[in-house]
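> So I've got this file, run_20.cif, and it contains mmCIF, C-alpha atoms:
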data_structure
#
loop_
_atom_site.label_atom_id
_atom_site.label_comp_id
_atom_site.auth_asym_id
_atom_site.auth_seq_id
_atom_site.Cartn_x
_atom_site.Cartn_y
_atom_site.Cartn_z
CA MET J 1 63.81 6.76 26.18
CA ALA J 2 64.86 4.11 28.64
CA TYR J 3 67.40 1.49 27.71
CA SER J 4 66.63 -2.13 28.48
CA ASP J 5 68.46 -3.75 31.40
CA LYS J 6 70.60 -5.77 29.02
CA VAL J 7 71.71 -2.69 27.15
CA VAL J 8 72.56 -0.95 30.40
CA ASP J 9 74.50 -4.00 31.55
CA HIS J 10 76.58 -4.16 28.36
CA TYR J 11 77.04 -0.41 28.45
CA ASN J 12 78.28 -0.38 32.02
CA ASN J 13 80.29 -3.59 31.73
CA PRO J 14 81.20 -3.89 28.09
CA ARG J 15 82.76 -7.27 27.28
CA ASN J 16 85.90 -7.61 25.24
CA VAL J 17 86.80 -3.97 24.77
CA GLY J 18 90.17 -3.51 23.16
CA SER J 19 92.04 -4.32 20.04
CA LEU J 20 94.05 -7.06 18.38
CA SER J 21 96.98 -6.62 16.06
CA LYS J 22 95.75 -5.69 12.62
CA GLU J 23 98.91 -7.13 11.14
CA ASP J 24 98.34 -10.60 12.54
CA PRO J 25 97.35 -12.81 9.58
CA ASN J 26 94.83 -14.61 11.77
CA VAL J 27 93.08 -11.41 12.78
CA GLY J 28 90.20 -10.00 10.81
CA THR J 29 89.25 -6.37 11.31
CA GLY J 30 85.90 -4.82 10.53
CA LEU J 31 85.47 -1.07 10.71
CA VAL J 32 81.98 0.17 9.96
CA GLY J 33 80.03 3.33 10.48
CA ALA J 34 76.52 4.75 10.49
CA PRO J 35 76.54 8.23 9.05
CA GLU J 36 72.97 8.89 10.22
CA CYS J 37 74.20 9.09 13.78
CA GLY J 38 77.97 9.37 13.29
CA ASP J 39 78.70 6.10 15.12
CA VAL J 40 81.82 4.12 14.31
CA MET J 41 82.43 0.53 15.33
CA LYS J 42 85.57 -1.58 15.13
CA LEU J 43 85.31 -5.31 15.62
CA GLN J 44 88.26 -7.66 15.46
CA MET J 45 88.50 -11.39 15.75
CA LYS J 46 91.30 -13.88 15.90
CA ILE J 47 90.47 -16.98 13.93
CA ASN J 48 92.16 -20.33 14.13
CA PRO J 49 93.12 -21.13 10.53
CA ASP J 50 92.72 -24.88 11.02
CA THR J 51 89.50 -25.14 12.98
CA LYS J 52 88.00 -21.85 11.68
CA ILE J 53 86.96 -21.16 15.25
CA ILE J 54 86.93 -17.59 16.49
CA GLU J 55 89.20 -17.71 19.49
CA GLU J 56 89.29 -14.08 20.42
CA ALA J 57 87.08 -11.07 19.73
CA LYS J 58 87.56 -7.42 20.63
CA PHE J 59 85.67 -4.26 19.88
CA LYS J 60 85.79 -0.55 20.26
CA THR J 61 82.76 1.54 19.47
CA PHE J 62 82.20 5.25 19.50
CA GLY J 63 78.49 5.76 19.64
CA CYS J 64 75.37 5.52 21.70
CA GLY J 65 74.60 2.94 24.38
CA SER J 66 72.80 0.68 21.94
CA ALA J 67 75.72 0.65 19.53
CA ILE J 68 78.11 -0.23 22.34
CA ALA J 69 75.80 -2.93 23.67
CA SER J 70 75.26 -4.38 20.18
CA SER J 71 78.97 -4.69 19.53
CA SER J 72 79.70 -5.98 23.01
CA LEU J 73 77.07 -8.67 22.55
CA ALA J 74 78.42 -9.45 19.08
CA THR J 75 81.89 -10.21 20.49
CA GLU J 76 80.35 -12.46 23.14
CA TRP J 77 78.37 -14.34 20.56
CA VAL J 78 81.12 -14.90 18.01
CA LYS J 79 83.68 -16.16 20.50
CA GLY J 80 84.02 -19.91 20.33
CA ARG J 81 81.92 -20.15 17.20
CA THR J 82 83.09 -21.07 13.74
CA VAL J 83 83.30 -18.49 10.99
CA GLU J 84 80.21 -19.94 9.32
CA GLU J 85 78.23 -19.83 12.54
CA ALA J 86 79.27 -16.25 13.18
CA LEU J 87 78.16 -15.28 9.69
CA SER J 88 74.70 -16.59 10.44
CA ILE J 89 74.18 -14.08 13.26
CA LYS J 90 71.46 -11.69 12.18
CA ASN J 91 70.89 -8.18 13.38
CA THR J 92 67.37 -9.24 14.36
CA ASP J 93 68.88 -11.69 16.88
CA ILE J 94 70.66 -8.76 18.48
CA VAL J 95 67.51 -6.64 18.46
CA ARG J 96 65.65 -9.42 20.24
CA GLU J 97 68.33 -10.12 22.81
CA LEU J 98 68.76 -6.45 23.73
CA SER J 99 65.11 -5.42 23.22
CA LEU J 100 66.22 -2.55 21.02
CA PRO J 101 63.51 -0.05 20.09
CA PRO J 102 62.89 0.61 16.37
CA VAL J 103 64.96 3.82 16.32
CA LYS J 104 68.00 1.81 17.48
CA ILE J 105 67.75 -1.04 15.02
CA HIS J 106 70.50 0.49 12.89
CA CYS J 107 72.90 -0.15 15.79
CA SER J 108 72.29 -3.88 15.49
CA VAL J 109 72.69 -3.63 11.71
CA LEU J 110 76.04 -2.01 12.31
CA ALA J 111 77.11 -4.89 14.56
CA GLU J 112 76.09 -7.46 11.96
CA ASP J 113 77.98 -5.50 9.31
CA ALA J 114 81.02 -5.38 11.57
CA ILE J 115 81.03 -9.16 12.01
CA LYS J 116 80.76 -9.64 8.24
CA ALA J 117 83.44 -7.05 7.55
CA ALA J 118 85.85 -8.61 10.05
CA ILE J 119 85.38 -12.08 8.61
CA GLY J 120 85.64 -10.65 5.10
CA ASP J 121 88.96 -9.07 6.02
CA TRP J 122 90.22 -12.33 7.46
CA LYS J 123 89.14 -14.24 4.37
CA LYS J 124 90.89 -11.73 2.18
CA LYS J 125 94.10 -12.25 4.14
CA HIS J 126 93.77 -15.95 3.52
CA GLY J 127 92.95 -15.59 -0.13
CA VAL J 128 89.50 -17.06 0.33
CA GLU J 129 86.95 -15.95 -2.21
CA VAL J 130 84.75 -13.42 -0.45
CA PRO J 131 81.13 -13.65 -1.49
CA VAL J 132 79.45 -10.33 -2.20
CA ALA J 133 78.50 -9.03 1.22
CA GLU J 134 74.90 -9.83 1.95
CA LYS J 135 72.80 -6.93 3.06
CA ALA J 136 71.55 -7.25 6.58
CA SER J 137 67.80 -7.43 6.88
CA HIS J 138 66.12 -4.66 8.78
CA MET D 1 42.34 31.93 -7.04
CA GLY D 2 40.74 30.17 -4.08
CA ALA D 3 43.82 28.50 -2.75
CA PRO D 4 43.29 24.85 -1.80
CA SER D 5 41.25 24.11 -4.87
CA THR D 6 42.68 20.89 -6.22
CA ALA D 7 40.39 18.36 -4.60
CA LYS D 8 42.83 15.52 -4.89
CA PRO D 9 46.30 17.01 -4.86
CA LYS D 10 49.04 14.65 -5.88
CA GLN D 11 51.97 14.67 -3.51
CA ARG D 12 54.08 17.57 -4.62
CA ASP D 13 57.69 17.82 -3.63
CA TYR D 14 58.92 20.82 -1.68
CA PHE D 15 60.58 22.42 -4.68
CA GLU D 16 57.35 22.22 -6.63
CA MET D 17 55.44 23.75 -3.76
CA PHE D 18 57.64 26.80 -4.08
CA ASP D 19 57.57 26.75 -7.89
CA MET D 20 61.30 26.24 -7.91
CA PRO D 21 63.45 23.98 -10.05
CA ARG D 22 65.31 21.24 -8.18
CA LYS D 23 68.34 23.41 -7.72
CA LEU D 24 70.41 23.91 -4.63
CA TRP D 25 71.12 27.57 -4.69
CA ILE D 26 68.18 29.56 -3.43
CA GLU D 27 67.76 33.27 -3.60
CA THR D 28 66.78 33.94 0.00
CA SER D 29 64.69 37.07 -0.32
CA ALA D 30 62.57 35.67 -3.15
CA PHE D 31 62.22 32.43 -1.22
CA GLU D 32 61.04 34.19 1.93
CA LYS D 33 58.64 36.29 -0.09
CA LYS D 34 57.18 33.22 -1.75
CA PHE D 35 56.77 31.59 1.63
CA LEU D 36 54.81 34.53 3.01
CA GLU D 37 52.67 34.65 -0.11
CA LEU D 38 51.83 30.96 0.06
CA SER D 39 51.31 31.04 3.82
CA TRP D 40 48.80 33.79 3.42
CA LYS D 41 47.04 32.06 0.56
CA LEU D 42 46.69 28.81 2.49
CA HIS D 43 46.19 30.23 5.95
CA PRO D 44 43.41 28.44 7.91
CA ASP D 45 42.10 31.82 9.06
CA LYS D 46 40.99 32.51 5.52
CA PHE D 47 38.79 29.44 5.51
CA VAL D 48 36.78 29.89 8.70
CA ASN D 49 33.61 30.20 6.65
CA ALA D 50 34.50 27.55 4.11
CA SER D 51 33.35 23.94 4.07
CA ALA D 52 34.84 21.57 6.63
CA GLU D 53 36.62 19.83 3.80
CA LYS D 54 38.31 23.00 2.64
CA GLN D 55 39.21 23.95 6.18
CA GLU D 56 40.91 20.64 6.67
CA LEU D 57 42.74 20.91 3.38
CA SER D 58 43.97 24.38 4.25
CA LEU D 59 45.30 23.07 7.53
CA LYS D 60 47.02 20.17 5.84
CA LEU D 61 48.59 22.29 3.12
CA SER D 62 49.73 24.93 5.60
CA SER D 63 51.49 22.36 7.66
CA GLU D 64 53.14 20.87 4.57
CA LEU D 65 54.22 24.31 3.53
CA ASN D 66 55.85 24.87 6.90
CA ASP D 67 57.70 21.57 6.65
CA ALA D 68 58.87 22.50 3.17
CA TYR D 69 60.02 25.90 4.37
CA ARG D 70 62.01 24.48 7.26
CA VAL D 71 63.79 21.97 5.03
CA LEU D 72 64.53 24.22 2.08
CA ARG D 73 65.72 27.10 4.23
CA ASP D 74 68.56 24.99 5.63
CA PRO D 75 71.28 24.37 3.01
CA VAL D 76 72.27 20.97 4.39
CA ALA D 77 68.70 19.74 4.89
CA ARG D 78 67.98 20.95 1.37
CA ILE D 79 70.69 18.72 -0.09
CA GLU D 80 69.53 15.79 2.00
CA TYR D 81 65.99 16.32 0.80
CA LEU D 82 67.02 16.59 -2.84
CA LEU D 83 68.96 13.33 -2.64
CA GLY D 84 65.95 11.75 -0.97
CA ILE D 85 63.48 12.67 -3.71
CA GLU D 86 66.01 11.74 -6.36
CA GLY D 87 66.20 8.31 -4.76
CA MET D 88 69.86 8.67 -3.79
CA ARG D 89 69.55 8.68 -0.03
CA LYS D 90 67.21 6.15 1.44
CA GLU D 91 67.46 6.52 5.16
CA GLY D 92 67.91 3.16 6.82
CA GLU D 93 66.87 1.15 3.80
CA GLN D 94 69.98 1.45 1.75
CA ARG D 95 72.92 1.75 4.01
CA GLN D 96 75.31 4.56 3.43
CA GLN D 97 78.71 3.04 2.95
CA ALA D 98 81.36 5.43 4.06
CA PRO D 99 84.78 5.14 2.43
CA PRO D 100 87.25 3.19 4.62
CA GLU D 101 89.69 6.11 4.84
CA LEU D 102 86.98 8.28 6.33
CA LEU D 103 86.09 5.64 8.90
CA GLU D 104 89.75 5.22 9.81
CA GLU D 105 90.11 8.94 10.25
CA VAL D 106 86.95 9.31 12.32
CA PHE D 107 87.93 6.35 14.44
CA GLU D 108 91.35 7.85 15.15
CA LEU D 109 89.90 11.25 15.96
CA ASN D 110 87.49 9.60 18.36
CA GLU D 111 90.34 7.72 19.97
CA SER D 112 92.26 10.90 20.58
CA LEU D 113 89.15 12.43 22.10
CA ASP D 114 88.89 9.36 24.31
CA GLU D 115 92.45 9.83 25.50
CA LEU D 116 91.63 13.38 26.44
CA ARG D 117 88.62 12.14 28.40
CA ASP D 118 90.78 9.65 30.26
CA THR D 119 93.16 12.42 31.24
CA LYS D 120 90.19 14.28 32.63
CA VAL D 121 88.97 11.30 34.64
CA SER D 122 92.37 10.42 36.02
CA GLY D 123 92.82 14.02 37.10
CA GLY D 124 95.76 14.75 34.86
CA ASP D 125 97.00 18.19 34.01
CA LEU D 126 93.70 19.99 33.49
CA ILE D 127 95.14 23.16 32.04
CA SER D 128 97.02 21.43 29.29
CA LEU D 129 94.03 19.15 28.79
CA LYS D 130 91.78 22.11 28.20
CA ALA D 131 94.25 23.49 25.71
CA ARG D 132 94.34 20.17 23.87
CA LEU D 133 90.58 19.95 23.81
CA GLU D 134 90.38 23.44 22.42
CA THR D 135 92.87 22.56 19.75
CA ALA D 136 90.83 19.48 18.95
CA GLU D 137 87.68 21.54 18.73
CA LYS D 138 89.34 24.01 16.41
CA ASN D 139 90.61 21.18 14.28
CA PHE D 140 87.14 19.60 14.02
CA GLN D 141 85.51 22.93 13.32
CA GLU D 142 87.97 23.51 10.50
CA LYS D 143 87.13 20.14 9.05
CA LEU D 144 83.47 20.98 9.32
CA SER D 145 83.81 24.24 7.44
CA LYS D 146 85.91 22.49 4.84
CA VAL D 147 83.14 19.96 4.26
CA ASP D 148 80.62 22.77 4.11
CA THR D 149 82.67 24.52 1.46
CA GLN D 150 82.95 21.31 -0.52
CA LEU D 151 79.21 20.79 -0.23
CA GLN D 152 78.63 24.27 -1.53
CA GLU D 153 80.98 23.74 -4.46
CA THR D 154 79.33 20.48 -5.36
CA ALA D 155 75.91 22.09 -5.02
CA HIS D 156 77.02 24.62 -7.65
CA LEU D 157 78.02 21.75 -9.91
CA TRP D 158 74.57 20.26 -9.47
CA ASP D 159 72.87 23.52 -10.41
CA ALA D 160 75.09 23.87 -13.46
CA ALA D 161 74.22 20.31 -14.47
CA ILE D 162 70.51 21.11 -14.19
CA ASP D 163 70.95 24.26 -16.25
CA ALA D 164 72.82 22.31 -18.88
CA SER D 165 70.25 19.46 -18.80
CA ALA D 166 73.09 17.11 -18.07
CA ASN D 167 72.59 13.39 -18.58
CA ASP D 168 71.66 10.89 -15.90
CA THR D 169 75.17 9.59 -15.40
CA ASP D 170 76.57 13.04 -14.73
CA ARG D 171 73.77 13.86 -12.34
CA LYS D 172 74.17 10.62 -10.46
CA GLY D 173 77.89 11.28 -10.16
CA ILE D 174 77.28 14.64 -8.56
CA MET D 175 74.66 13.22 -6.24
CA ALA D 176 76.97 10.44 -5.15
CA ARG D 177 79.55 13.06 -4.27
CA LEU D 178 76.97 15.10 -2.34
CA ASN D 179 75.96 11.98 -0.48
CA GLU D 180 79.54 11.22 0.45
CA LEU D 181 80.04 14.74 1.72
CA LEU D 182 76.86 14.62 3.78
CA ASN D 183 78.06 11.42 5.42
CA ARG D 184 81.40 12.95 6.17
CA ARG D 185 79.67 15.98 7.59
CA SER D 186 77.58 13.95 10.00
CA TYR D 187 80.64 12.17 11.42
CA ILE D 188 82.49 15.42 11.88
CA ARG D 189 79.44 17.15 13.31
CA ASN D 190 79.38 14.39 15.93
CA LEU D 191 83.02 14.94 16.81
CA VAL D 192 82.43 18.64 17.23
CA THR D 193 79.48 17.99 19.54
CA ASN D 194 81.46 15.47 21.57
CA VAL D 195 84.45 17.70 22.08
CA GLN D 196 82.21 20.59 23.01
CA LYS D 197 80.55 18.40 25.64
CA GLU D 198 83.97 17.83 27.19
CA LEU D 199 84.72 21.52 27.21
CA LEU D 200 81.54 22.49 29.08
#
Step by step, read the file and then write its structure as structure tokens.

Amino acid sequence: MAYSDKVVDHYNNPRNVGSLSKEDPNVGTGLVGAPECGDVMKLQMKINPDTKIIEEAKFKTFGCGSAIASSSLATEWVKGRTVEEALSIKNTDIVRELSLPPVKIHCSVLAEDAIKAAIGDWKKKHGVEVPVAEKASH
Amino acid sequence: MGAPSTAKPKQRDYFEMFDMPRKLWIETSAFEKKFLELSWKLHPDKFVNASAEKQELSLKLSSELNDAYRVLRDPVARIEYLLGIEGMRKEGEQRQQAPPELLEEVFELNESLDELRDTKVSGGDLISLKARLETAEKNFQEKLSKVDTQLQETAHLWDAAIDASANDTDRKGIMARLNELLNRRSYIRNLVTNVQKELL
């Protein structure tokens, strides 16, 4: 199966690889996994407590090319956006942007979950009521 | 009995096809014998002179039987299948949430594997690298056999629950545990494969 050019690009030049301090109160960390394929994805974001804007985003993913590309794209998309805007990113947006084939859709689901988990973690640190995590649509 | 006789067979699950209860321990020799018996009964060669309809049915049932055999023969696939028909493991649909500690652990193990890879790329000390990779492989293999043992133990619990006609709550509890172990297994299986790739 051939990867789309965009996947290959993100795979070869992943954006924002790395990590932020978990202890930083302004950093939210999302660690999610897909047991079907054994992939694990960590996504972190630094959020400005006043503006609620995501100022920094980092990821590290152990998995296939599509999982890496999905998380790389996710960090690009959340940067500069507000928390609410980031929460509105759907896995289907990622599928479309990267032209993921049906067997790789779970990679985009993982990325959406990671965004939600990271923001959930940040909200928890700030004592914000966390709504029950919405299930990503497939 | 002329084998594929039921004109409109309702979808039978694999356990039913083998006339077995939904239990996880299988007596291999009886299972193999049953497979041969059924294969022979349904074999398309026996229906060369039968109606086209029967021929087609024989082909369909034979192929189903082979699928069933492949799944039930493998202890891990058997558990996965059982959870599937019990509605406890919906691939894709209902995401499998792994416990955070497991994800942390898998992430860390992957990171250490990554470090070893970097050493390889940067042309570090290859002999000590190989030794470290081998240690890592051994470590992952041990974890894998530990999970397999736990799966086996939990499978016994399941069988005992079936024998005792345990209630729904108890059954669900055991299935949840099996599910968790299967998830853990697939992460560890991945680590083993990845470290073996590095050792090639």
> What's around Ser70 in chain J at 7 Å? Count only C-alpha atoms, leave out sequence neighbours fewer than 6 positions away in its own chain, and write the answer as a list in words.
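In the requested form, the answer reads Ile94, Cys107, Ser108 and Ala111 of chain J.
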> Quick one: which residues from chain J are at most 10 Å off chain D, using all atoms listed in the file, as a list of chain:residue names?
J:Leu31, J:Val32, J:Gly33, J:Ala34, J:Pro35, J:Glu36, J:Cys37, J:Gly38, J:Asp39, J:Val40, J:Met41, J:Lys42, J:Lys60, J:Thr61, J:Phe62, J:Gly63, J:Val103, J:Ile105, J:His106, J:Val109, J:Leu110, J:Lys135, J:Ala136, J:Ser137, J:His138
> List the spatial neighbours of Gly65 in chain J as a ChimeraX atom specification - criterion: any atom at most 7 Å away, all atoms listed in the file, same-chain residues fewer than 2 positions off excluded.
/J:7,11,63,67-69
> Generate the output file for the selected residues, C-alpha atoms, as a PDB file, in the frame of the given file.

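The new file selection16.pdb reads:
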ATOM      1  CA  VAL J   7      71.710  -2.690  27.150  1.00  0.00           C
ATOM      2  CA  TYR J  11      77.040  -0.410  28.450  1.00  0.00           C
ATOM      3  CA  GLY J  63      78.490   5.760  19.640  1.00  0.00           C
ATOM      4  CA  ALA J  67      75.720   0.650  19.530  1.00  0.00           C
ATOM      5  CA  ILE J  68      78.110  -0.230  22.340  1.00  0.00           C
ATOM      6  CA  ALA J  69      75.800  -2.930  23.670  1.00  0.00           C
TER       7      ALA J  69
END
> As a ChimeraX atom specification, please: the residues near Ile54 in chain J (cut-off 6 Å, only C-alpha atoms, same-chain neighbours under 6 positions excluded).
/J:46-47,79-82
> Give me, as a CSV table (one decimal) with C-alpha atoms, keeping the file's coordinate frame, all polymer residues having an atom no more than 12 Å from Leu200 in chain D, counting only C-alpha atoms and skipping those fewer than 5 positions away in the same chain.

chain,number,residue,atom,x,y,z
D,130,LYS,CA,91.8,22.1,28.2
D,133,LEU,CA,90.6,20.0,23.8
D,134,GLU,CA,90.4,23.4,22.4
D,193,THR,CA,79.5,18.0,19.5
D,194,ASN,CA,81.5,15.5,21.6
D,195,VAL,CA,84.4,17.7,22.1
> Assuming the chain letters and numbering stay as they are in my file, what does the PyMOL selection byres ((chain D and resi 35-42) around 12) actually select? List them as a PyMOL selection string.
chain D and resi 1-5+14-15+17-20+28-34+43-48+54-70+72-73
> Calculated over all atoms listed in the file, which of the candidates J:Trp77, J:Asn13, J:Lys124, J:Glu85 has the smallest distance to Glu97 in chain J?
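Looking only at the distances to Glu97 in chain J, the closest residue turns out to be J:Trp77.
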> Could you pull the residues within 12 Å of Ala86 in chain J, counting all atoms listed in the file, minus those fewer than 4 positions along the same chain, as a PyMOL selection string?
chain J and resi 45+47+52-55+57+74-82+90-91+93+111-120
> Using Å and a single decimal, report how far CA of Gln141 in chain D sits from CA of Arg89 in chain D.
25.2 Å
> Could you get me a file of range 34-63 of chain D with N, CA and C atoms, as a JSON list (two decimals), in the first residue's frame, taken from the block above?

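Output below, filename decode-v4.json:
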[["chain", "number", "residue", "atom", "x", "y", "z"],
["D", 34, "LYS", "N", -12.71, -33.91, 15.23],
["D", 34, "LYS", "CA", -13.98, -33.31, 14.82],
["D", 34, "LYS", "C", -13.81, -32.53, 13.51],
["D", 35, "PHE", "N", -12.69, -31.86, 13.40],
["D", 35, "PHE", "CA", -12.43, -31.08, 12.19],
["D", 35, "PHE", "C", -12.37, -31.99, 10.97],
["D", 36, "LEU", "N", -11.65, -33.09, 11.10],
["D", 36, "LEU", "CA", -11.53, -34.02, 9.98],
["D", 36, "LEU", "C", -12.89, -34.60, 9.60],
["D", 37, "GLU", "N", -13.65, -34.95, 10.64],
["D", 37, "GLU", "CA", -14.97, -35.50, 10.43],
["D", 37, "GLU", "C", -15.86, -34.54, 9.63],
["D", 38, "LEU", "N", -15.89, -33.28, 10.12],
["D", 38, "LEU", "CA", -16.73, -32.27, 9.49],
["D", 38, "LEU", "C", -16.22, -31.94, 8.08],
["D", 39, "SER", "N", -14.91, -31.88, 7.94],
["D", 39, "SER", "CA", -14.33, -31.57, 6.63],
["D", 39, "SER", "C", -14.79, -32.60, 5.61],
["D", 40, "TRP", "N", -14.73, -33.84, 6.06],
["D", 40, "TRP", "CA", -15.10, -34.92, 5.16],
["D", 40, "TRP", "C", -16.58, -34.84, 4.81],
["D", 41, "LYS", "N", -17.38, -34.58, 5.82],
["D", 41, "LYS", "CA", -18.82, -34.52, 5.62],
["D", 41, "LYS", "C", -19.22, -33.43, 4.63],
["D", 42, "LEU", "N", -18.48, -32.30, 4.72],
["D", 42, "LEU", "CA", -18.87, -31.13, 3.92],
["D", 42, "LEU", "C", -18.07, -31.01, 2.63],
["D", 43, "HIS", "N", -17.14, -31.91, 2.44],
["D", 43, "HIS", "CA", -16.18, -31.73, 1.34],
["D", 43, "HIS", "C", -16.85, -31.61, -0.03],
["D", 44, "PRO", "N", -16.50, -30.59, -0.81],
["D", 44, "PRO", "CA", -17.11, -30.38, -2.13],
["D", 44, "PRO", "C", -17.00, -31.61, -3.04],
["D", 45, "ASP", "N", -15.97, -32.40, -2.86],
["D", 45, "ASP", "CA", -15.82, -33.60, -3.69],
["D", 45, "ASP", "C", -16.99, -34.56, -3.55],
["D", 46, "LYS", "N", -17.64, -34.50, -2.39],
["D", 46, "LYS", "CA", -18.75, -35.42, -2.17],
["D", 46, "LYS", "C", -20.02, -34.96, -2.85],
["D", 47, "PHE", "N", -19.97, -33.76, -3.40],
["D", 47, "PHE", "CA", -21.21, -33.20, -3.97],
["D", 47, "PHE", "C", -21.10, -32.95, -5.47],
["D", 48, "VAL", "N", -20.15, -33.63, -6.12],
["D", 48, "VAL", "CA", -19.97, -33.39, -7.55],
["D", 48, "VAL", "C", -21.24, -33.73, -8.34],
["D", 49, "ASN", "N", -22.01, -34.69, -7.83],
["D", 49, "ASN", "CA", -23.21, -35.08, -8.57],
["D", 49, "ASN", "C", -24.49, -34.46, -7.99],
["D", 50, "ALA", "N", -24.31, -33.62, -7.00],
["D", 50, "ALA", "CA", -25.47, -33.00, -6.37],
["D", 50, "ALA", "C", -25.90, -31.76, -7.15],
["D", 51, "SER", "N", -27.02, -31.19, -6.72],
["D", 51, "SER", "CA", -27.52, -29.99, -7.39],
["D", 51, "SER", "C", -26.53, -28.84, -7.22],
["D", 52, "ALA", "N", -26.60, -27.90, -8.13],
["D", 52, "ALA", "CA", -25.69, -26.74, -8.08],
["D", 52, "ALA", "C", -25.81, -26.03, -6.74],
["D", 53, "GLU", "N", -27.04, -26.01, -6.25],
["D", 53, "GLU", "CA", -27.29, -25.33, -4.98],
["D", 53, "GLU", "C", -26.52, -26.01, -3.84],
["D", 54, "LYS", "N", -26.62, -27.33, -3.82],
["D", 54, "LYS", "CA", -25.92, -28.08, -2.78],
["D", 54, "LYS", "C", -24.42, -27.96, -2.92],
["D", 55, "GLN", "N", -23.96, -27.96, -4.16],
["D", 55, "GLN", "CA", -22.52, -27.82, -4.38],
["D", 55, "GLN", "C", -22.02, -26.50, -3.80],
["D", 56, "GLU", "N", -22.80, -25.48, -4.07],
["D", 56, "GLU", "CA", -22.39, -24.16, -3.61],
["D", 56, "GLU", "C", -22.39, -24.10, -2.08],
["D", 57, "LEU", "N", -23.41, -24.70, -1.51],
["D", 57, "LEU", "CA", -23.53, -24.71, -0.05],
["D", 57, "LEU", "C", -22.35, -25.46, 0.57],
["D", 58, "SER", "N", -21.99, -26.57, -0.04],
["D", 58, "SER", "CA", -20.89, -27.36, 0.48],
["D", 58, "SER", "C", -19.59, -26.54, 0.46],
["D", 59, "LEU", "N", -19.44, -25.79, -0.62],
["D", 59, "LEU", "CA", -18.25, -24.96, -0.75],
["D", 59, "LEU", "C", -18.22, -23.88, 0.33],
["D", 60, "LYS", "N", -19.39, -23.28, 0.54],
["D", 60, "LYS", "CA", -19.50, -22.20, 1.50],
["D", 60, "LYS", "C", -19.23, -22.72, 2.92],
["D", 61, "LEU", "N", -19.87, -23.85, 3.24],
["D", 61, "LEU", "CA", -19.70, -24.39, 4.58],
["D", 61, "LEU", "C", -18.28, -24.89, 4.82],
["D", 62, "SER", "N", -17.67, -25.45, 3.79],
["D", 62, "SER", "CA", -16.29, -25.90, 3.94],
["D", 62, "SER", "C", -15.37, -24.74, 4.24],
["D", 63, "SER", "N", -15.60, -23.65, 3.55],
["D", 63, "SER", "CA", -14.72, -22.52, 3.78],
["D", 63, "SER", "C", -14.95, -21.92, 5.16]]
